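Structure data (mmCIF, C-alpha atoms and all ligand atoms) from structure05.cif:
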```cif
data_data
loop_
_atom_site.label_atom_id
_atom_site.label_comp_id
_atom_site.auth_asym_id
_atom_site.auth_seq_id
_atom_site.Cartn_x
_atom_site.Cartn_y
_atom_site.Cartn_z
CA MET A 206 -49.32 202.74 95.89
CA SER A 207 -49.70 203.43 92.20
CA ALA A 208 -51.41 201.11 89.78
CA ILE A 209 -49.48 199.85 86.78
CA VAL A 210 -52.56 198.25 85.22
CA VAL A 211 -56.22 198.91 85.85
CA ALA A 212 -58.97 196.85 84.24
CA ASP A 213 -61.99 199.05 84.58
CA GLY A 214 -65.20 197.09 84.06
CA VAL A 215 -63.83 195.13 81.10
CA THR A 216 -66.19 192.95 79.07
CA VAL A 217 -64.97 190.93 76.09
CA HIS A 218 -67.21 188.82 73.87
CA TYR A 219 -65.92 186.53 71.18
CA ARG A 220 -68.17 185.98 68.21
CA ARG A 221 -67.22 183.16 65.86
CA ARG A 222 -69.49 184.36 63.03
CA ARG A 223 -70.84 187.83 62.41
CA TRP A 224 -74.41 186.91 63.37
CA GLY A 225 -73.49 183.92 65.53
CA PRO A 226 -73.91 183.65 69.30
CA ARG A 227 -71.58 185.71 71.48
CA ASN A 228 -69.29 183.99 73.94
CA SER A 229 -68.53 186.14 76.97
CA ALA A 230 -64.87 185.69 78.00
CA LEU A 231 -64.59 188.66 80.41
CA ASP A 232 -67.61 189.96 82.25
CA THR A 233 -67.38 193.50 83.70
CA LEU A 234 -64.00 192.67 85.22
CA TYR A 235 -62.29 195.05 87.67
CA LEU A 236 -58.63 194.60 88.64
CA ARG A 237 -55.75 196.78 89.86
CA VAL A 238 -52.15 195.63 89.54
CA GLU A 239 -49.98 197.65 91.90
CA GLN A 240 -46.50 198.63 90.84
CA HIS A 241 -43.78 196.31 92.21
CA ARG A 242 -46.27 193.77 93.51
CA HIS A 243 -46.08 190.69 91.30
CA LEU A 244 -49.53 189.26 90.59
CA ALA A 245 -50.49 185.67 89.81
CA LEU A 246 -53.63 185.18 87.73
CA ILE A 247 -55.08 181.77 88.38
CA GLY A 248 -58.34 180.07 87.49
CA PRO A 249 -59.76 177.06 85.69
CA SER A 250 -59.45 176.51 81.97
CA GLY A 251 -61.66 178.94 80.05
CA ALA A 252 -61.89 181.40 82.98
CA GLY A 253 -60.61 184.27 80.79
CA LYS A 254 -56.96 184.56 81.88
CA SER A 255 -55.44 184.68 78.38
CA THR A 256 -58.18 187.02 77.20
CA LEU A 257 -57.36 189.40 80.05
CA VAL A 258 -53.67 189.22 79.12
CA ARG A 259 -54.47 189.98 75.46
CA ALA A 260 -56.59 192.94 76.55
CA MET A 261 -53.74 194.22 78.78
CA LEU A 262 -51.41 194.03 75.79
CA GLY A 263 -53.86 196.00 73.67
CA LEU A 264 -54.27 193.04 71.30
CA ILE A 265 -58.04 192.94 71.73
CA ARG A 266 -60.35 195.84 72.37
CA PRO A 267 -62.93 195.36 75.14
CA ASP A 268 -66.61 195.62 74.18
CA THR A 269 -67.12 197.74 77.29
CA GLY A 270 -64.78 199.19 79.89
CA GLN A 271 -61.09 199.88 79.36
CA ILE A 272 -57.57 198.86 80.28
CA LEU A 273 -55.30 201.58 81.67
CA LEU A 274 -51.51 201.22 81.63
CA PHE A 275 -49.94 203.79 83.95
CA GLY A 276 -53.24 205.64 83.82
CA GLN A 277 -53.41 205.78 80.02
CA PRO A 278 -55.92 203.80 77.95
CA VAL A 279 -53.85 201.06 76.32
CA ASP A 280 -55.38 201.69 72.89
CA THR A 281 -54.12 205.29 72.88
CA LEU A 282 -50.48 204.19 73.20
CA SER A 283 -48.32 203.69 70.12
CA ARG A 284 -46.75 200.29 69.44
CA VAL A 285 -43.35 201.52 70.65
CA GLU A 286 -44.81 203.17 73.78
CA ARG A 287 -46.59 199.92 74.62
CA ALA A 288 -43.48 197.82 73.99
CA ARG A 289 -41.47 200.00 76.37
CA LEU A 290 -44.07 199.59 79.09
CA VAL A 291 -45.10 195.98 78.70
CA GLN A 292 -43.58 192.79 77.30
CA ALA A 293 -45.13 189.35 77.21
CA VAL A 294 -43.77 185.82 77.20
CA SER A 295 -46.10 182.95 76.41
CA GLN A 296 -45.79 179.22 76.82
CA HIS A 297 -44.86 178.56 73.19
CA ALA A 298 -43.00 181.82 72.67
CA SER A 299 -39.88 180.16 71.32
CA GLY A 300 -41.78 179.79 68.02
CA SER A 301 -41.58 183.59 67.79
CA LEU A 302 -37.77 183.48 67.46
CA SER A 303 -36.61 184.08 63.93
CA PRO A 304 -34.94 180.83 62.81
CA ARG A 305 -32.30 182.77 60.85
CA PHE A 306 -31.17 185.11 63.64
CA PRO A 307 -28.41 184.20 66.07
CA VAL A 308 -29.19 184.91 69.73
CA ALA A 309 -27.06 188.08 69.69
CA ARG A 310 -29.23 189.62 66.96
CA THR A 311 -32.46 188.52 68.68
CA LEU A 312 -31.39 190.27 71.89
CA ALA A 313 -30.08 193.38 70.15
CA GLU A 314 -33.27 193.92 68.18
CA PRO A 315 -35.48 195.39 70.94
CA ILE A 316 -32.62 197.68 71.98
CA HIS A 317 -32.46 199.13 68.43
CA ALA A 318 -36.23 199.09 67.82
CA LEU A 319 -37.03 200.92 71.06
CA GLY A 320 -34.08 203.32 70.84
CA LEU A 321 -32.66 202.25 74.22
CA PRO A 322 -29.29 203.64 75.29
CA ASP A 323 -27.79 200.18 76.05
CA ASP A 324 -24.77 198.91 74.16
CA PRO A 325 -26.26 195.88 72.35
CA VAL A 326 -23.14 193.68 72.69
CA THR A 327 -22.62 194.31 76.40
CA ARG A 328 -26.33 194.11 77.18
CA SER A 329 -26.84 190.85 75.22
CA THR A 330 -24.08 189.16 77.20
CA GLU A 331 -25.54 190.53 80.45
CA LEU A 332 -29.04 189.33 79.52
CA LEU A 333 -27.84 185.81 78.79
CA GLU A 334 -26.10 185.74 82.15
CA LEU A 335 -29.28 187.00 83.83
CA VAL A 336 -31.28 184.06 82.45
CA GLY A 337 -28.54 181.60 83.34
CA LEU A 338 -27.19 180.95 79.84
CA ASP A 339 -23.59 180.90 78.69
CA ALA A 340 -22.40 183.84 76.55
CA GLY A 341 -21.04 181.20 74.17
CA LEU A 342 -24.61 180.74 72.90
CA LEU A 343 -24.73 184.26 71.41
CA ASN A 344 -23.80 183.01 67.95
CA ARG A 345 -26.24 180.09 67.90
CA ARG A 346 -29.48 180.02 65.95
CA PRO A 347 -32.71 178.73 67.59
CA ALA A 348 -32.38 175.30 65.94
CA GLU A 349 -29.05 174.88 67.74
CA LEU A 350 -30.61 175.42 71.19
CA SER A 351 -32.66 173.14 73.44
CA GLY A 352 -36.32 173.99 74.09
CA GLY A 353 -35.48 175.26 77.60
CA GLN A 354 -32.61 177.40 76.27
CA ARG A 355 -34.91 178.89 73.62
CA GLN A 356 -37.49 179.79 76.29
CA ARG A 357 -34.77 181.51 78.35
CA VAL A 358 -33.71 183.46 75.25
CA VAL A 359 -37.32 184.60 74.82
CA ILE A 360 -37.38 185.77 78.45
CA ALA A 361 -34.04 187.58 77.89
CA ARG A 362 -35.46 189.25 74.76
CA ALA A 363 -38.46 190.50 76.76
CA LEU A 364 -36.12 191.86 79.47
CA ALA A 365 -33.99 193.59 76.80
CA ALA A 366 -36.83 196.11 76.43
CA ARG A 367 -36.48 196.99 80.15
CA PRO A 368 -40.29 196.84 80.48
CA ALA A 369 -42.08 198.21 83.51
CA LEU A 370 -44.44 195.23 83.26
CA LEU A 371 -43.67 191.68 82.18
CA ILE A 372 -46.63 189.42 81.51
CA GLY A 373 -45.95 185.69 81.51
CA ASP A 374 -48.70 183.41 80.24
CA GLU A 375 -47.58 179.96 81.45
CA MET A 376 -44.06 181.22 80.70
CA PHE A 377 -42.33 178.48 82.70
CA SER A 378 -44.37 175.49 81.48
CA ALA A 379 -41.88 174.69 78.70
CA LEU A 380 -39.09 174.31 81.27
CA ASP A 381 -38.36 171.02 83.00
CA ALA A 382 -39.20 170.87 86.70
CA GLY A 383 -35.51 170.98 87.67
CA SER A 384 -34.65 174.23 85.90
CA ARG A 385 -38.06 175.85 86.42
CA LEU A 386 -37.42 176.97 89.98
CA SER A 387 -33.98 178.35 89.16
CA VAL A 388 -35.47 180.42 86.29
CA VAL A 389 -38.30 181.59 88.58
CA ASP A 390 -35.77 182.71 91.21
CA MET A 391 -33.62 184.35 88.55
CA LEU A 392 -36.63 186.27 87.26
CA ALA A 393 -37.52 187.40 90.78
CA ARG A 394 -33.99 188.82 91.20
CA VAL A 395 -34.00 190.52 87.79
CA ALA A 396 -37.43 192.03 88.41
CA ASP A 397 -36.14 193.38 91.70
CA THR A 398 -33.01 194.92 90.15
CA GLU A 399 -34.77 196.30 87.08
CA ARG A 400 -37.90 197.42 88.96
CA THR A 401 -40.14 195.28 86.74
CA THR A 402 -43.60 194.21 87.86
CA ILE A 403 -44.70 190.71 86.82
CA VAL A 404 -48.17 189.44 86.00
CA LEU A 405 -48.01 185.67 85.82
CA VAL A 406 -50.71 183.38 84.45
CA SER A 407 -49.98 179.98 85.90
CA HIS A 408 -51.65 176.71 86.68
CA ASP A 409 -48.69 175.99 88.95
CA LEU A 410 -49.64 177.38 92.35
CA GLY A 411 -46.18 176.59 93.74
CA VAL A 412 -44.57 178.87 91.15
CA ALA A 413 -47.26 181.49 91.71
CA ARG A 414 -46.57 181.56 95.43
CA ARG A 415 -42.80 181.54 94.99
CA LEU A 416 -42.76 184.50 92.59
CA CYS A 417 -45.84 186.56 93.32
CA ASP A 418 -46.95 188.86 96.12
CA ASP A 419 -50.64 188.83 95.20
CA VAL A 420 -53.01 186.42 93.56
CA ALA A 421 -56.25 187.05 91.66
CA VAL A 422 -58.60 184.16 91.00
CA LEU A 423 -60.67 184.30 87.80
CA ASP A 424 -63.84 182.40 87.10
CA GLY A 425 -66.34 182.99 84.33
CA GLY A 426 -64.61 186.19 83.26
CA ARG A 427 -64.66 187.80 86.72
CA ILE A 428 -62.26 188.09 89.62
CA VAL A 429 -63.74 186.05 92.45
CA GLU A 430 -60.92 186.47 94.98
CA HIS A 431 -57.89 188.78 95.13
CA GLY A 432 -55.33 189.43 97.83
CA PRO A 433 -51.85 188.65 99.15
CA CYS A 434 -50.66 185.12 98.28
CA GLU A 435 -49.93 184.23 101.89
CA LYS A 436 -53.53 185.04 102.81
CA VAL A 437 -55.45 183.75 99.78
CA LEU A 438 -53.46 180.54 99.37
CA ALA A 439 -53.44 179.81 103.09
CA ARG A 440 -57.00 180.83 103.94
CA PRO A 441 -59.07 180.97 100.72
CA THR A 442 -62.56 182.30 101.10
CA HIS A 443 -64.02 181.42 97.69
CA PRO A 444 -65.00 177.79 96.97
CA LEU A 445 -63.24 177.90 93.58
CA THR A 446 -59.93 178.92 95.19
CA ARG A 447 -60.36 176.07 97.66
CA SER A 448 -60.98 173.57 94.90
CA LEU A 449 -57.95 174.84 92.89
CA LEU A 450 -55.83 174.40 96.00
CA ASP A 451 -57.26 170.94 96.69
CA ALA A 452 -56.57 169.89 93.08
CA ALA A 453 -53.00 171.20 93.31
CA GLY A 454 -52.22 169.23 96.48
CA PRO A 455 -49.66 170.67 98.93
CA VAL A 456 -48.23 173.92 97.51
CA THR A 457 -44.58 173.39 98.27
CA ALA A 458 -42.41 175.60 96.02
N1 LIG B 1 -60.69 183.33 69.62
C1 LIG B 1 -61.72 182.90 70.32
N2 LIG B 1 -62.95 182.75 69.77
C2 LIG B 1 -64.02 182.34 70.47
N3 LIG B 1 -63.98 182.06 71.79
C3 LIG B 1 -62.77 182.17 72.41
C4 LIG B 1 -61.60 182.59 71.72
N4 LIG B 1 -60.56 182.61 72.60
C5 LIG B 1 -61.06 182.23 73.79
N5 LIG B 1 -62.38 181.96 73.67
C6 LIG B 1 -63.30 181.56 74.76
O1 LIG B 1 -63.24 182.57 75.77
C7 LIG B 1 -63.25 181.98 77.07
C8 LIG B 1 -61.99 182.40 77.84
O2 LIG B 1 -60.86 181.85 77.17
P1 LIG B 1 -59.36 182.13 77.66
O3 LIG B 1 -58.45 181.53 76.64
O4 LIG B 1 -59.21 183.56 77.96
O5 LIG B 1 -59.35 181.28 79.00
P2 LIG B 1 -58.11 180.83 79.92
O6 LIG B 1 -58.53 181.09 81.33
O7 LIG B 1 -56.86 181.49 79.45
O8 LIG B 1 -58.06 179.27 79.65
P3 LIG B 1 -56.81 178.24 79.68
O9 LIG B 1 -56.35 178.13 81.11
O10 LIG B 1 -57.43 176.96 79.19
O11 LIG B 1 -55.76 178.78 78.73
C9 LIG B 1 -63.37 180.47 76.85
O12 LIG B 1 -64.74 180.13 76.96
C10 LIG B 1 -62.88 180.27 75.44
O13 LIG B 1 -63.49 179.15 74.84
#
```
Could you show the structure in this file as structure tokens?
Amino acid sequence: MSAIVVADGVTVHYRRRRWGPRNSALDTLYLRVEQHRHLALIGPSGAGKSTLVRAMLGLIRPDTGQILLFGQPVDTLSRVERARLVQAVSQHASGSLSPRFPVARTLAEPIHALGLPDDPVTRSTELLELVGLDAGLLNRRPAELSGGQRQRVVIARALAARPALLIGDEMFSALDAGSRLSVVDMLARVADTERTTIVLVSHDLGVARRLCDDVAVLDGGRIVEHGPCEKVLARPTHPLTRSLLDAAGPVTA
């Protein structure tokens, strides 16, 4: 199997002031994300999940170690190369939609910016369908959409880039419980068709198990347990994984 992402001994410190104390967010972290095996990143608040995501996106440079995307150090890739390989959707991503742009323009933009061969009109309609939205919304601006519809548009915009890797940092939290599972299932189908690998940061273990093949548990900036969901979530070996499972109650999704 080939690795889509490798974190090779990554350490990240945050320093609030130049001479102030350093706060270690990732501590010599090693992780391999295999292609076409969706990975859930779970862990308590402050474990380093979002920091790891930001490092994978090349938004922060590790103090030591490196992140490899398809074997290449992420900081050697151009912005366009990175955008073609990896897209991210965060919990509050709908704020990143331009208030002036109708949905059609939002979805066409990555196609133009990345020089993809897709026809923007056909692809925008297809993308809306993929995320379970009506093509009639193509002419609406963000203010004319519900919060859940905006989040689906953000997911569609990320898919427009046809990324090899989609990173979702609590990407479903803005959706109500009723539509969450249908969007999760939709994403699983799209990822399958488009050969996209997903890394999902989630506090929702039900969603993690429903979508992901593997799970990695972070604590104190390190991976403390990593393996197939059916094994780790059924027979956890680390006390932290056990306590996350206990706190979540029965994982039903
Ligand atoms: N910009 C920053 N400056 C200083 N410290 C930070 C900064 N961002 C995060 N941290 C610290 O780094 C550590 C890891 O934070 P991170 O946001 O990666 O955790 P997380 O696992 O994503 O948490 P959560 O589940 O609450 O979102 C925490 O101790 C946090 O306080």
10 Å contact set for Arg266 (chain A), only C-alpha atoms, chain neighbours under 3 positions out, as a PDB file with C-alpha atoms, in the coordinates of the input:
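As written to disk, around_3.pdb reads:
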```
ATOM      1  CA  VAL A 215     -63.830 195.130  81.100  1.00  0.00           C
ATOM      2  CA  THR A 216     -66.190 192.950  79.070  1.00  0.00           C
ATOM      3  CA  VAL A 217     -64.970 190.930  76.090  1.00  0.00           C
ATOM      4  CA  HIS A 218     -67.210 188.820  73.870  1.00  0.00           C
ATOM      5  CA  ARG A 259     -54.470 189.980  75.460  1.00  0.00           C
ATOM      6  CA  ALA A 260     -56.590 192.940  76.550  1.00  0.00           C
ATOM      7  CA  MET A 261     -53.740 194.220  78.780  1.00  0.00           C
ATOM      8  CA  LEU A 262     -51.410 194.030  75.790  1.00  0.00           C
ATOM      9  CA  GLY A 263     -53.860 196.000  73.670  1.00  0.00           C
ATOM     10  CA  THR A 269     -67.120 197.740  77.290  1.00  0.00           C
ATOM     11  CA  GLY A 270     -64.780 199.190  79.890  1.00  0.00           C
ATOM     12  CA  GLN A 271     -61.090 199.880  79.360  1.00  0.00           C
ATOM     13  CA  ILE A 272     -57.570 198.860  80.280  1.00  0.00           C
ATOM     14  CA  VAL A 279     -53.850 201.060  76.320  1.00  0.00           C
ATOM     15  CA  ASP A 280     -55.380 201.690  72.890  1.00  0.00           C
TER      16      ASP A 280
END
```
Which one of A:Ile209, A:Val258, A:Leu244, A:Ala363 sits closest to ligand LIG 1 (chain B) if you count only C-alpha atoms and all ligand atoms?
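For ligand LIG 1 (chain B), the nearest of the given residues is A:Val258.
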Could you report the residues within 9 Å of ligand LIG 1 (chain B), using only C-alpha atoms and all ligand atoms, as a PDB file with C-alpha atoms, in the frame of the given file?
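Written file, selection-v9.pdb:
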```pdb
ATOM      1  CA  VAL A 217     -64.970 190.930  76.090  1.00  0.00           C
ATOM      2  CA  HIS A 218     -67.210 188.820  73.870  1.00  0.00           C
ATOM      3  CA  TYR A 219     -65.920 186.530  71.180  1.00  0.00           C
ATOM      4  CA  ARG A 220     -68.170 185.980  68.210  1.00  0.00           C
ATOM      5  CA  ARG A 221     -67.220 183.160  65.860  1.00  0.00           C
ATOM      6  CA  ARG A 227     -71.580 185.710  71.480  1.00  0.00           C
ATOM      7  CA  ASN A 228     -69.290 183.990  73.940  1.00  0.00           C
ATOM      8  CA  SER A 229     -68.530 186.140  76.970  1.00  0.00           C
ATOM      9  CA  ALA A 230     -64.870 185.690  78.000  1.00  0.00           C
ATOM     10  CA  LEU A 231     -64.590 188.660  80.410  1.00  0.00           C
ATOM     11  CA  ILE A 247     -55.080 181.770  88.380  1.00  0.00           C
ATOM     12  CA  GLY A 248     -58.340 180.070  87.490  1.00  0.00           C
ATOM     13  CA  PRO A 249     -59.760 177.060  85.690  1.00  0.00           C
ATOM     14  CA  SER A 250     -59.450 176.510  81.970  1.00  0.00           C
ATOM     15  CA  GLY A 251     -61.660 178.940  80.050  1.00  0.00           C
ATOM     16  CA  ALA A 252     -61.890 181.400  82.980  1.00  0.00           C
ATOM     17  CA  GLY A 253     -60.610 184.270  80.790  1.00  0.00           C
ATOM     18  CA  LYS A 254     -56.960 184.560  81.880  1.00  0.00           C
ATOM     19  CA  SER A 255     -55.440 184.680  78.380  1.00  0.00           C
ATOM     20  CA  THR A 256     -58.180 187.020  77.200  1.00  0.00           C
ATOM     21  CA  LEU A 257     -57.360 189.400  80.050  1.00  0.00           C
ATOM     22  CA  VAL A 258     -53.670 189.220  79.120  1.00  0.00           C
ATOM     23  CA  ARG A 259     -54.470 189.980  75.460  1.00  0.00           C
ATOM     24  CA  ASP A 374     -48.700 183.410  80.240  1.00  0.00           C
ATOM     25  CA  GLU A 375     -47.580 179.960  81.450  1.00  0.00           C
ATOM     26  CA  VAL A 406     -50.710 183.380  84.450  1.00  0.00           C
ATOM     27  CA  SER A 407     -49.980 179.980  85.900  1.00  0.00           C
ATOM     28  CA  HIS A 408     -51.650 176.710  86.680  1.00  0.00           C
ATOM     29  CA  LEU A 423     -60.670 184.300  87.800  1.00  0.00           C
ATOM     30  CA  ASP A 424     -63.840 182.400  87.100  1.00  0.00           C
ATOM     31  CA  GLY A 425     -66.340 182.990  84.330  1.00  0.00           C
ATOM     32  CA  GLY A 426     -64.610 186.190  83.260  1.00  0.00           C
TER      33      GLY A 426
END
```
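If you count only C-alpha atoms and ignore residues fewer than 4 places along the chain from Thr446 (chain A), what sits within 9 Å of it is Ile247, Gly248, Val422, Val429, Glu430, Val437, Leu438, Pro441, Thr442, Leu450 and Asp451 of chain A.
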To box region 407-414 of chain A, take all atoms listed in the file, fit an axis-aligned box, add 4 Å on each side, and give centre and edge lengths in Å to one decimal, as AutoDock Vina command-line options.
```
--center_x -48.1 --center_y 178.8 --center_z 90.7 --size_x 15.1 --size_y 13.6 --size_z 17.5
```
With all atoms listed in the file as the counted atoms, please give the residues lying no more than 12 Å from Leu343 (chain A), apart from itself and same-chain residues fewer than 3 positions off, as a ChimeraX atom specification.
/A:306-313,325-334,338-340,346-347,349-350,354-355,358,361
Please measure the separation of CA of Cys434 (chain A) and CA of Ser299 (chain A), giving the value in Å to one decimal.
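One can read the CA of Cys434 (chain A) to CA of Ser299 (chain A) distance as 29.5 Å.
Using only C-alpha atoms for every distance, the candidate list A:Leu445, A:Val211, A:Val291, A:Ile428 yields A:Val291 as the residue closest to Leu370 (chain A).
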Calculated over all atoms listed in the file, which of the candidates A:Leu319, A:Val395, A:Ala369, A:Ile265 has the smallest distance to Gln240 (chain A)?
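Closest candidate: A:Ala369.
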Length of the CA of Ala365 (chain A) to CA of Arg394 (chain A) vector [Å]:
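Going from CA of Ala365 (chain A) over to CA of Arg394 (chain A) covers 15.2 Å.
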One-decimal distance in Å that lies between CA of Ile403 (chain A) and CA of Cys417 (chain A)
7.8 Å
Find, counting only C-alpha atoms, the residue in A:Ala379, A:Val336, A:Ala452, A:Leu246 that gets nearest to Arg427 (chain A).
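Going through A:Ala379, A:Val336, A:Ala452, A:Leu246 one by one, the smallest distance to Arg427 (chain A) is for A:Leu246.
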As a PyMOL selection string, please: the residues near Ala288 (chain A) (cut-off 9 Å, all atoms listed in the file, same-chain neighbours under 2 positions excluded).
chain A and resi 262+283-286+290-292+315+319+366+368
